[in-house]
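For reference, data-v8.cif is printed below; it contains mmCIF, C-alpha atoms.
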```
data_run
#
loop_
_atom_site.group_PDB
_atom_site.id
_atom_site.type_symbol
_atom_site.label_atom_id
_atom_site.label_comp_id
_atom_site.auth_asym_id
_atom_site.auth_seq_id
_atom_site.Cartn_x
_atom_site.Cartn_y
_atom_site.Cartn_z
ATOM 1 C CA ASP A 216 10.716 11.651 -8.725
ATOM 2 C CA GLN A 217 7.598 9.601 -8.076
ATOM 3 C CA GLN A 218 5.014 10.801 -10.567
ATOM 4 C CA VAL A 219 2.230 8.548 -9.267
ATOM 5 C CA LYS A 220 1.764 8.072 -5.547
ATOM 6 C CA GLN A 221 -0.484 5.950 -3.411
ATOM 7 C CA ASN A 222 0.078 7.366 0.032
ATOM 8 C CA SER A 223 -1.746 4.671 1.979
ATOM 9 C CA PRO A 224 0.239 1.425 1.967
ATOM 10 C CA SER A 225 -2.659 -0.463 3.525
ATOM 11 C CA LEU A 226 -6.372 -0.198 4.181
ATOM 12 C CA SER A 227 -8.631 -2.398 6.284
ATOM 13 C CA VAL A 228 -12.396 -2.423 5.704
ATOM 14 C CA GLN A 229 -15.311 -4.445 6.999
ATOM 15 C CA GLU A 230 -17.177 -6.645 4.543
ATOM 16 C CA GLY A 231 -20.145 -4.827 3.031
ATOM 17 C CA ARG A 232 -18.723 -1.356 3.625
ATOM 18 C CA ILE A 233 -17.122 0.976 1.098
ATOM 19 C CA SER A 234 -13.422 0.805 0.276
ATOM 20 C CA ILE A 235 -11.819 4.004 -0.983
ATOM 21 C CA LEU A 236 -8.339 3.821 -2.450
ATOM 22 C CA ASN A 237 -6.565 7.026 -3.354
ATOM 23 C CA CYS A 238 -3.937 7.983 -5.892
ATOM 24 C CA ASP A 239 -2.162 11.279 -6.613
ATOM 25 C CA TYR A 240 -0.104 12.240 -9.640
ATOM 26 C CA THR A 241 2.180 15.093 -10.508
ATOM 27 C CA ASN A 242 2.557 14.895 -14.291
ATOM 28 C CA SER A 243 -0.186 16.964 -15.921
ATOM 29 C CA MET A 244 0.503 15.205 -19.232
ATOM 30 C CA PHE A 245 -1.138 12.001 -18.001
ATOM 31 C CA ASP A 246 -4.421 11.532 -19.834
ATOM 32 C CA TYR A 247 -5.437 7.985 -19.008
ATOM 33 C CA PHE A 248 -5.584 6.235 -15.676
ATOM 34 C CA LEU A 249 -6.051 2.578 -14.848
ATOM 35 C CA TRP A 250 -6.581 0.554 -11.686
ATOM 36 C CA TYR A 251 -5.241 -2.957 -11.293
ATOM 37 C CA LYS A 252 -5.697 -5.601 -8.620
ATOM 38 C CA LYS A 253 -2.785 -7.872 -7.872
ATOM 39 C CA TYR A 254 -2.081 -11.003 -5.870
ATOM 40 C CA PRO A 255 1.486 -11.980 -4.912
ATOM 41 C CA ALA A 256 3.547 -13.567 -7.703
ATOM 42 C CA GLU A 257 0.743 -13.015 -10.223
ATOM 43 C CA GLY A 258 0.184 -10.450 -12.903
ATOM 44 C CA PRO A 259 -2.000 -7.386 -12.325
ATOM 45 C CA THR A 260 -5.647 -7.803 -13.288
ATOM 46 C CA PHE A 261 -7.282 -4.835 -14.977
ATOM 47 C CA LEU A 262 -10.232 -3.421 -13.031
ATOM 48 C CA ILE A 263 -11.338 -0.101 -14.433
ATOM 49 C CA SER A 264 -9.960 2.923 -16.242
ATOM 50 C CA ILE A 265 -10.790 6.552 -16.842
ATOM 51 C CA SER A 266 -9.857 9.078 -19.473
ATOM 52 C CA SER A 267 -8.901 12.605 -18.456
ATOM 53 C CA ILE A 268 -11.949 13.965 -20.313
ATOM 54 C CA LYS A 269 -14.203 12.292 -17.752
ATOM 55 C CA ASP A 270 -14.525 12.713 -14.018
ATOM 56 C CA LYS A 271 -16.242 9.424 -13.220
ATOM 57 C CA ASN A 272 -16.417 5.910 -14.589
ATOM 58 C CA GLU A 273 -18.460 3.085 -13.132
ATOM 59 C CA ASP A 274 -18.350 -0.670 -13.637
ATOM 60 C CA GLY A 275 -20.420 -2.782 -11.284
ATOM 61 C CA ARG A 276 -19.086 -2.421 -7.754
ATOM 62 C CA PHE A 277 -16.127 -0.337 -8.929
ATOM 63 C CA THR A 278 -16.207 3.407 -9.530
ATOM 64 C CA VAL A 279 -13.233 5.601 -10.324
ATOM 65 C CA PHE A 280 -13.320 9.351 -9.754
ATOM 66 C CA LEU A 281 -10.865 11.784 -11.313
ATOM 67 C CA ASN A 282 -10.197 15.300 -10.039
ATOM 68 C CA LYS A 283 -7.878 16.831 -12.606
ATOM 69 C CA SER A 284 -7.432 20.142 -10.810
ATOM 70 C CA ALA A 285 -6.234 18.300 -7.711
ATOM 71 C CA LYS A 286 -4.378 15.657 -9.758
ATOM 72 C CA HIS A 287 -6.145 13.044 -7.689
ATOM 73 C CA LEU A 288 -8.092 9.906 -8.435
ATOM 74 C CA SER A 289 -9.855 7.424 -6.241
ATOM 75 C CA LEU A 290 -11.282 3.942 -6.599
ATOM 76 C CA HIS A 291 -14.470 3.131 -4.718
ATOM 77 C CA ILE A 292 -15.507 -0.469 -4.132
ATOM 78 C CA VAL A 293 -19.079 -0.911 -2.912
ATOM 79 C CA PRO A 294 -19.884 -3.223 -1.252
ATOM 80 C CA SER A 295 -16.492 -4.612 -0.304
ATOM 81 C CA GLN A 296 -16.113 -8.374 -0.273
ATOM 82 C CA PRO A 297 -13.421 -10.609 1.283
ATOM 83 C CA GLY A 298 -12.380 -11.650 -2.237
ATOM 84 C CA ASP A 299 -11.406 -8.021 -2.876
ATOM 85 C CA SER A 300 -8.464 -8.413 -0.507
ATOM 86 C CA ALA A 301 -5.374 -7.783 -2.647
ATOM 87 C CA VAL A 302 -2.910 -5.057 -3.559
ATOM 88 C CA TYR A 303 -4.362 -2.314 -5.734
ATOM 89 C CA PHE A 304 -2.223 -0.276 -8.101
ATOM 90 C CA CYS A 305 -3.130 2.863 -9.936
ATOM 91 C CA ALA A 306 -1.291 3.559 -13.164
ATOM 92 C CA ALA A 307 -1.131 6.454 -15.596
ATOM 93 C CA SER A 308 -0.155 6.957 -19.212
ATOM 94 C CA TYR A 309 -0.161 9.594 -21.945
ATOM 95 C CA GLY A 310 0.645 10.162 -25.551
ATOM 96 C CA ASN A 311 0.062 8.601 -28.906
ATOM 97 C CA ASN A 312 3.233 6.565 -28.934
ATOM 98 C CA ALA A 313 3.807 6.090 -25.233
ATOM 99 C CA GLY A 314 0.382 4.964 -24.192
ATOM 100 C CA ASN A 315 1.585 1.634 -22.951
ATOM 101 C CA MET A 316 4.407 3.051 -20.880
ATOM 102 C CA LEU A 317 2.518 2.912 -17.629
ATOM 103 C CA THR A 318 3.735 4.705 -14.533
ATOM 104 C CA PHE A 319 2.571 2.866 -11.439
ATOM 105 C CA GLY A 320 1.927 3.970 -7.899
ATOM 106 C CA GLY A 321 3.417 1.966 -5.055
ATOM 107 C CA GLY A 322 0.211 0.080 -4.346
ATOM 108 C CA THR A 323 -2.283 -0.131 -1.477
ATOM 109 C CA ARG A 324 -2.944 -3.421 0.280
ATOM 110 C CA LEU A 325 -6.680 -3.783 0.893
ATOM 111 C CA MET A 326 -7.888 -6.186 3.550
ATOM 112 C CA VAL A 327 -11.610 -6.836 3.705
ATOM 113 C CA LYS A 328 -12.607 -8.474 6.961
ATOM 114 C CA PRO A 329 -15.605 -10.839 7.051
ATOM 115 C CA LYS B 218 -10.097 -15.428 -25.832
ATOM 116 C CA ALA B 219 -6.717 -16.463 -24.430
ATOM 117 C CA GLY B 220 -4.909 -13.948 -22.255
ATOM 118 C CA VAL B 221 -1.282 -12.914 -22.218
ATOM 119 C CA THR B 222 0.881 -16.003 -21.841
ATOM 120 C CA GLN B 223 4.331 -15.932 -20.310
ATOM 121 C CA THR B 224 6.895 -18.702 -20.078
ATOM 122 C CA PRO B 225 8.542 -19.927 -17.999
ATOM 123 C CA ARG B 226 6.614 -19.105 -14.854
ATOM 124 C CA TYR B 227 9.463 -19.761 -12.468
ATOM 125 C CA LEU B 228 13.183 -20.073 -12.985
ATOM 126 C CA ILE B 229 16.400 -19.968 -11.019
ATOM 127 C CA LYS B 230 19.629 -18.740 -12.565
ATOM 128 C CA THR B 231 23.167 -18.233 -11.338
ATOM 129 C CA ARG B 232 24.851 -14.845 -11.205
ATOM 130 C CA GLY B 233 26.606 -14.098 -14.484
ATOM 131 C CA GLN B 234 24.295 -16.268 -16.598
ATOM 132 C CA GLN B 235 21.759 -14.944 -19.045
ATOM 133 C CA VAL B 236 18.034 -15.578 -19.267
ATOM 134 C CA THR B 237 15.376 -15.323 -21.959
ATOM 135 C CA LEU B 238 11.705 -14.868 -21.121
ATOM 136 C CA SER B 239 8.897 -15.321 -23.596
ATOM 137 C CA CYS B 240 5.530 -13.630 -24.023
ATOM 138 C CA SER B 241 2.582 -14.325 -26.305
ATOM 139 C CA PRO B 242 0.167 -11.381 -26.404
ATOM 140 C CA ILE B 243 -3.595 -11.532 -26.679
ATOM 141 C CA SER B 244 -4.600 -12.405 -30.223
ATOM 142 C CA GLY B 245 -4.797 -9.249 -32.318
ATOM 143 C CA HIS B 246 -2.728 -7.164 -29.939
ATOM 144 C CA ARG B 247 0.327 -5.662 -31.587
ATOM 145 C CA SER B 248 1.889 -3.842 -28.670
ATOM 146 C CA VAL B 249 3.884 -5.751 -26.097
ATOM 147 C CA SER B 250 5.510 -4.121 -23.103
ATOM 148 C CA TRP B 251 7.607 -5.503 -20.280
ATOM 149 C CA TYR B 252 7.719 -4.525 -16.620
ATOM 150 C CA GLN B 253 9.815 -5.507 -13.647
ATOM 151 C CA GLN B 254 8.399 -5.778 -10.149
ATOM 152 C CA THR B 255 10.671 -5.830 -7.113
ATOM 153 C CA PRO B 256 9.829 -5.175 -3.455
ATOM 154 C CA GLY B 257 12.069 -2.116 -3.364
ATOM 155 C CA GLN B 258 11.290 -0.447 -6.700
ATOM 156 C CA GLY B 259 7.714 -1.514 -7.326
ATOM 157 C CA LEU B 260 6.447 -1.924 -10.874
ATOM 158 C CA GLN B 261 8.781 -0.359 -13.421
ATOM 159 C CA PHE B 262 8.526 -0.117 -17.190
ATOM 160 C CA LEU B 263 11.296 -1.866 -19.118
ATOM 161 C CA PHE B 264 10.453 -1.431 -22.813
ATOM 162 C CA GLU B 265 7.693 -1.625 -25.370
ATOM 163 C CA TYR B 266 7.557 -3.152 -28.814
ATOM 164 C CA PHE B 267 5.108 -2.468 -31.605
ATOM 165 C CA SER B 268 5.315 -3.966 -35.069
ATOM 166 C CA GLU B 269 8.711 -5.482 -34.266
ATOM 167 C CA THR B 270 10.175 -2.093 -33.325
ATOM 168 C CA GLN B 271 11.143 -0.896 -29.890
ATOM 169 C CA ARG B 272 9.047 2.214 -29.312
ATOM 170 C CA ASN B 273 9.888 3.129 -25.746
ATOM 171 C CA LYS B 274 12.517 2.180 -23.215
ATOM 172 C CA GLY B 275 12.636 2.581 -19.466
ATOM 173 C CA ASN B 276 15.611 3.418 -17.318
ATOM 174 C CA PHE B 277 17.349 0.046 -17.260
ATOM 175 C CA PRO B 278 20.930 -0.907 -18.220
ATOM 176 C CA GLY B 279 21.775 -2.337 -21.595
ATOM 177 C CA ARG B 280 21.899 -5.846 -20.109
ATOM 178 C CA PHE B 281 18.130 -5.794 -20.513
ATOM 179 C CA SER B 282 17.016 -6.235 -24.095
ATOM 180 C CA GLY B 283 14.069 -7.509 -26.007
ATOM 181 C CA ARG B 284 12.631 -8.170 -29.391
ATOM 182 C CA GLN B 285 9.317 -8.755 -31.068
ATOM 183 C CA PHE B 286 8.553 -11.175 -33.846
ATOM 184 C CA SER B 287 6.246 -10.764 -36.828
ATOM 185 C CA ASN B 288 3.479 -12.669 -35.004
ATOM 186 C CA SER B 289 3.720 -10.103 -32.146
ATOM 187 C CA ARG B 290 5.252 -12.610 -29.746
ATOM 188 C CA SER B 291 8.053 -11.076 -27.726
ATOM 189 C CA GLU B 292 11.110 -12.133 -25.817
ATOM 190 C CA MET B 293 13.194 -10.293 -23.296
ATOM 191 C CA ASN B 294 16.752 -11.149 -22.406
ATOM 192 C CA VAL B 295 18.850 -10.274 -19.410
ATOM 193 C CA SER B 296 22.566 -10.903 -19.737
ATOM 194 C CA THR B 297 25.214 -11.141 -17.024
ATOM 195 C CA LEU B 298 22.625 -11.633 -14.327
ATOM 196 C CA GLU B 299 23.041 -9.897 -10.997
ATOM 197 C CA LEU B 300 21.417 -10.745 -7.686
ATOM 198 C CA GLY B 301 19.366 -7.557 -7.958
ATOM 199 C CA ASP B 302 17.729 -8.839 -11.134
ATOM 200 C CA SER B 303 15.662 -11.223 -9.027
ATOM 201 C CA ALA B 304 12.129 -10.059 -9.691
ATOM 202 C CA LEU B 305 8.758 -10.779 -11.195
ATOM 203 C CA TYR B 306 8.919 -9.916 -14.897
ATOM 204 C CA LEU B 307 5.567 -9.023 -16.384
ATOM 205 C CA CYS B 308 4.537 -8.846 -19.984
ATOM 206 C CA ALA B 309 1.567 -6.767 -21.059
ATOM 207 C CA SER B 310 -0.246 -6.409 -24.350
ATOM 208 C CA SER B 311 -2.628 -3.949 -25.936
ATOM 209 C CA LEU B 312 -4.022 -3.161 -29.366
ATOM 210 C CA THR B 313 -1.968 -0.065 -30.118
ATOM 211 C CA THR B 314 0.488 2.299 -28.520
ATOM 212 C CA THR B 315 -2.050 5.063 -28.070
ATOM 213 C CA SER B 316 -2.997 6.145 -24.576
ATOM 214 C CA GLY B 317 -6.534 5.045 -23.802
ATOM 215 C CA ASN B 318 -6.099 1.391 -24.596
ATOM 216 C CA THR B 319 -6.662 -1.193 -21.940
ATOM 217 C CA ILE B 320 -3.409 -2.946 -21.131
ATOM 218 C CA TYR B 321 -3.583 -6.566 -20.067
ATOM 219 C CA PHE B 322 -0.897 -8.344 -18.109
ATOM 220 C CA GLY B 323 0.291 -11.919 -18.092
ATOM 221 C CA GLU B 324 0.891 -13.982 -14.969
ATOM 222 C CA GLY B 325 4.572 -13.102 -14.976
ATOM 223 C CA SER B 326 7.881 -14.936 -14.897
ATOM 224 C CA TRP B 327 9.439 -15.151 -11.471
ATOM 225 C CA LEU B 328 13.234 -15.006 -11.787
ATOM 226 C CA THR B 329 15.511 -15.832 -8.877
ATOM 227 C CA VAL B 330 19.233 -15.162 -9.277
ATOM 228 C CA VAL B 331 21.511 -17.018 -6.850
#
```
Translate this structure into structure tokens?
Amino acid sequence: DQQVKQNSPSLSVQEGRISILNCDYTNSMFDYFLWYKKYPAEGPTFLISISSIKDKNEDGRFTVFLNKSAKHLSLHIVPSQPGDSAVYFCAASYGNNAGNMLTFGGGTRLMVKP
Amino acid sequence: KAGVTQTPRYLIKTRGQQVTLSCSPISGHRSVSWYQQTPGQGLQFLFEYFSETQRNKGNFPGRFSGRQFSNSRSEMNVSTLELGDSALYLCASSLTTTSGNTIYFGEGSWLTVV
């Protein structure tokens, strides 16, 4: 049972345009969501997170939106840059003693074309 | 501030051998968790340690074990290696085990079993 899903395995965007990466989850217990960027054979790099008490969090070019009723979150990157090309993972966690037990989606490969 | 440090970065082992991977968390972080990334299964949680105690465990066989030392450094061990254990093993650290903490990953240890 995949509790966190990223239904688009890949996304191609032109430089300067908006990139929108989507993530769906099924476990209503999740209360914290994180986005990571990853290059092959390297560790994930933390980008941005959001708590379930919020519906939006912004950090520079990155904005994450959370729709709890739809169990859906999205990461917006504006403007997209070629250096943003990587695999993006959303992850979710919950609980006071399981907060670091992240459940990851399958990832979306973003390609930003110059 | 130094990030999460993992050693070794790359290693090749023979089927049936055992391997030990090491992780030094970010200074001040007391929670260390381990993840396995494979092409087929994605990023999966192995276990988490906090204050030298295993707090959570993922769905992996008993051949996978770990420990945490008093300085928060952690090791994971895989015994009787199988070809399917070939993967990128990632260590992550955070301040506590409570959901809502940012979780930072190391560069990973790439294990190849032949």
6 Å contacts from chain B to chain A using only C-alpha atoms, as a ChimeraX atom specification: /B:259,314-317,322-325
Who sits within 8 Å of A:Ser295, all atoms listed in the file, same chain under 6 positions skipped, as a PyMOL selection string: chain A and resi 228-234+327
Using the chain letters and residue numbers of this document, give as a PDB file with C-alpha atoms, in the frame of the given file the residues selected by the PyMOL selection byres ((chain A and resi 289) around 7).
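For reference, out19.pdb as written:
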```pdb
ATOM      1  CA  ILE A 235     -11.819   4.004  -0.983  1.00  0.00           C
ATOM      2  CA  LEU A 236      -8.339   3.821  -2.450  1.00  0.00           C
ATOM      3  CA  ASN A 237      -6.565   7.026  -3.354  1.00  0.00           C
ATOM      4  CA  CYS A 238      -3.937   7.983  -5.892  1.00  0.00           C
ATOM      5  CA  VAL A 279     -13.233   5.601 -10.324  1.00  0.00           C
ATOM      6  CA  PHE A 280     -13.320   9.351  -9.754  1.00  0.00           C
ATOM      7  CA  LEU A 281     -10.865  11.784 -11.313  1.00  0.00           C
ATOM      8  CA  HIS A 287      -6.145  13.044  -7.689  1.00  0.00           C
ATOM      9  CA  LEU A 288      -8.092   9.906  -8.435  1.00  0.00           C
ATOM     10  CA  LEU A 290     -11.282   3.942  -6.599  1.00  0.00           C
ATOM     11  CA  HIS A 291     -14.470   3.131  -4.718  1.00  0.00           C
TER      12      HIS A 291
END
```
Pairwise distance for atom CA of A:Ser300 and atom CA of B:Pro256, rounded to one decimal in Å: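 Atom CA of B:Pro256 lies at a distance of 18.8 Å from atom CA of A:Ser300.
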Around stretch 261-272 of chain A, with edges along x, y and z and 3 Å added on all six sides, what centre and edge lengths do you get, in Å to one decimal, as lines of an AutoDock Vina configuration file?
```
center_x = -11.8
center_y = 4.6
center_z = -16.7
size_x = 15.1
size_y = 24.8
size_z = 13.3
```
With the file shown as input, list the residues that the PyMOL selection byres ((chain B and resi 304) around 12) selects, as a compact mmCIF listing (two decimals) with C-alpha atoms, keeping the file's coordinate frame.
```txt
# COMPACT_ATOMS: atom_id res chain seq x y z
CA PRO A 255 1.49 -11.98 -4.91
CA ALA A 256 3.55 -13.57 -7.70
CA GLU A 257 0.74 -13.02 -10.22
CA ARG B 226 6.61 -19.10 -14.85
CA TYR B 227 9.46 -19.76 -12.47
CA LEU B 228 13.18 -20.07 -12.98
CA ILE B 229 16.40 -19.97 -11.02
CA LYS B 230 19.63 -18.74 -12.56
CA TYR B 252 7.72 -4.53 -16.62
CA GLN B 253 9.82 -5.51 -13.65
CA GLN B 254 8.40 -5.78 -10.15
CA THR B 255 10.67 -5.83 -7.11
CA PRO B 256 9.83 -5.18 -3.46
CA GLY B 257 12.07 -2.12 -3.36
CA GLN B 258 11.29 -0.45 -6.70
CA GLY B 259 7.71 -1.51 -7.33
CA LEU B 260 6.45 -1.92 -10.87
CA GLN B 261 8.78 -0.36 -13.42
CA VAL B 295 18.85 -10.27 -19.41
CA LEU B 298 22.62 -11.63 -14.33
CA GLU B 299 23.04 -9.90 -11.00
CA LEU B 300 21.42 -10.74 -7.69
CA GLY B 301 19.37 -7.56 -7.96
CA ASP B 302 17.73 -8.84 -11.13
CA SER B 303 15.66 -11.22 -9.03
CA LEU B 305 8.76 -10.78 -11.20
CA TYR B 306 8.92 -9.92 -14.90
CA LEU B 307 5.57 -9.02 -16.38
CA GLY B 325 4.57 -13.10 -14.98
CA SER B 326 7.88 -14.94 -14.90
CA TRP B 327 9.44 -15.15 -11.47
CA LEU B 328 13.23 -15.01 -11.79
CA THR B 329 15.51 -15.83 -8.88
CA VAL B 330 19.23 -15.16 -9.28
```
Target residues per the PyMOL selection byres ((chain A and resi 298) around 12), formatted as a count of residues only: 19
Which residue of B:Ile320, B:Met293, B:Val249, B:Ala309 approaches B:Thr237 most closely, using only C-alpha atoms: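 So, comparing all the options, the nearest one is B:Met293.
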Distance in Å - atom CA of B:Ser239 versus atom CA of B:Gly279: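 Separation of atom CA of B:Ser239 and atom CA of B:Gly279: 18.4 Å.
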Best match for closeness to A:Val293 among A:Lys220, A:Arg324, A:Arg276, A:Lys269, counting all atoms listed in the file: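 Nearest candidate to A:Val293 out of A:Lys220, A:Arg324, A:Arg276, A:Lys269: A:Arg276.
In this model, the gap between atom CA of B:Gly283 and atom CA of B:Val236 comes to 11.2 Å.
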Closest of B:Phe286, B:Phe267, B:Gln234, B:Thr222 to B:Val331 - atom-to-atom distances counting only C-alpha atoms: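 Counting only C-alpha atoms, the residue closest to B:Val331 is B:Gln234.
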Who sits within 6 Å of B:Trp251, all atoms listed in the file, same chain under 4 positions skipped, as a ChimeraX atom specification: /B:263-264,307-308
Nearby residues (all atoms listed in the file) at most 9 Å from B:His246, same-chain spacing under 6 positions excluded, as a ChimeraX atom specification: /B:289,310-313
Residues near B:Glu269, cut-off 12 Å, all atoms listed in the file, skip fewer than 5 positions along chain, as a count of residues only: 14
Counting all atoms listed in the file, the residue of B:Ser296, B:Tyr321, B:Thr270, B:Asn276 that sits nearest B:Arg232: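 Of all the options, B:Ser296 lies closest to B:Arg232.
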